[in-house]
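K.L.:
I have a structure I would like to understand better, so I am pasting it below and will then ask my questions one at a time.
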Amino acid sequence: MLNPGGTAGVLYSVASQSLRQAIARGATMTAYIIVEAEVHDPEKFSAYAKTVPAIVAEFGGEYLVLGGQQESLEGDWGPSRLVMHRWPSAEQAKAFWYSDAYEAAKPLREGTGSFRVMLVDGLQQTTLE
């Protein structure tokens, strides 16, 4: 397993040990929904933006990134904005995404911009060689 040295190595060891213990206890893996949004019609999009946070909360998600300042440190990000939700598990994130409540809200977003959405797992124990 890759183990960086110094302070990073200590943090890596603690995080790896905590993850192994959580997995041994049968803990579920945190998941994240990451949205890259380029909104072209903010006025129309506002109806979607007012509706979805309550649905996210109802299904156990929480926003980590929503609006606010952003600064590109590398590469061309263009005018896109990022939104990130944290979920207790990928299953809960999918329950939200495929729910009747969210399916009803999706049409409010249509024609307001372009969106890319990805579901990713949180920290995983991976062997790097």
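Please note that chains go A, B, ... in the order of the structure tokens, that every chain numbers its residues from 1, and that ligands are numbered from 1 in the order shown.
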Please list as a PyMOL selection string every residue within 12 Å of Ala105 in chain A, counting only C-alpha atoms and excluding residues in the same chain fewer than 5 positions away.
P.N.:
chain A and resi 45-56+96-100+110
K.L.:
Kindly indicate which residue among A:Gly67, A:Pro107, A:Gly60, A:Pro88 lies nearest to Gly122 in chain A, using only C-alpha atoms for the distances.
P.N.:
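The closest residue to Gly122 in chain A is A:Pro88.
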K.L.:
Excluding Ile33 in chain A and residues on its chain fewer than 6 positions from it, collect all residues at most 9 Å away from it, counting only C-alpha atoms, and give them as a PyMOL selection string.
P.N.:
chain A and resi 83-87+90+93+117-121
K.L.:
Residues of the last selection are to be written out with N, CA, C and O atoms, as a JSON list (two decimals), in the first residue's frame.
P.N.:
```
[["chain", "number", "residue", "atom", "x", "y", "z"],
["A", 83, "VAL", "N", -21.52, 21.68, -7.59],
["A", 83, "VAL", "CA", -22.38, 21.41, -6.45],
["A", 83, "VAL", "C", -21.98, 20.03, -5.96],
["A", 83, "VAL", "O", -21.73, 19.13, -6.76],
["A", 84, "MET", "N", -21.90, 19.85, -4.64],
["A", 84, "MET", "CA", -21.56, 18.55, -4.10],
["A", 84, "MET", "C", -22.45, 18.24, -2.91],
["A", 84, "MET", "O", -22.61, 19.07, -2.04],
["A", 85, "HIS", "N", -23.04, 17.03, -2.93],
["A", 85, "HIS", "CA", -23.81, 16.53, -1.78],
["A", 85, "HIS", "C", -23.04, 15.36, -1.18],
["A", 85, "HIS", "O", -22.45, 14.58, -1.91],
["A", 86, "ARG", "N", -23.14, 15.21, 0.12],
["A", 86, "ARG", "CA", -22.61, 14.02, 0.80],
["A", 86, "ARG", "C", -23.80, 13.15, 1.20],
["A", 86, "ARG", "O", -24.81, 13.66, 1.69],
["A", 87, "TRP", "N", -23.64, 11.83, 1.04],
["A", 87, "TRP", "CA", -24.68, 10.86, 1.35],
["A", 87, "TRP", "C", -24.11, 9.78, 2.25],
["A", 87, "TRP", "O", -22.95, 9.42, 2.11],
["A", 90, "ALA", "N", -24.00, 5.11, -1.15],
["A", 90, "ALA", "CA", -24.38, 5.24, -2.56],
["A", 90, "ALA", "C", -25.84, 4.83, -2.75],
["A", 90, "ALA", "O", -26.55, 5.41, -3.57],
["A", 93, "ALA", "N", -27.98, 7.79, -1.99],
["A", 93, "ALA", "CA", -27.87, 8.77, -3.07],
["A", 93, "ALA", "C", -28.73, 8.34, -4.26],
["A", 93, "ALA", "O", -29.44, 9.15, -4.86],
["A", 117, "VAL", "N", -23.51, 15.00, -14.00],
["A", 117, "VAL", "CA", -23.70, 14.54, -12.62],
["A", 117, "VAL", "C", -23.00, 13.19, -12.46],
["A", 117, "VAL", "O", -23.14, 12.31, -13.30],
["A", 118, "MET", "N", -22.24, 13.06, -11.36],
["A", 118, "MET", "CA", -21.53, 11.83, -11.11],
["A", 118, "MET", "C", -21.71, 11.42, -9.65],
["A", 118, "MET", "O", -21.72, 12.27, -8.76],
["A", 119, "LEU", "N", -21.86, 10.13, -9.42],
["A", 119, "LEU", "CA", -21.91, 9.55, -8.09],
["A", 119, "LEU", "C", -20.56, 8.90, -7.83],
["A", 119, "LEU", "O", -20.10, 8.09, -8.64],
["A", 120, "VAL", "N", -19.91, 9.28, -6.73],
["A", 120, "VAL", "CA", -18.60, 8.70, -6.40],
["A", 120, "VAL", "C", -18.59, 8.22, -4.95],
["A", 120, "VAL", "O", -19.27, 8.78, -4.10],
["A", 121, "ASP", "N", -17.83, 7.16, -4.72],
["A", 121, "ASP", "CA", -17.64, 6.67, -3.36],
["A", 121, "ASP", "C", -16.67, 7.57, -2.62],
["A", 121, "ASP", "O", -15.79, 8.18, -3.22]]
```
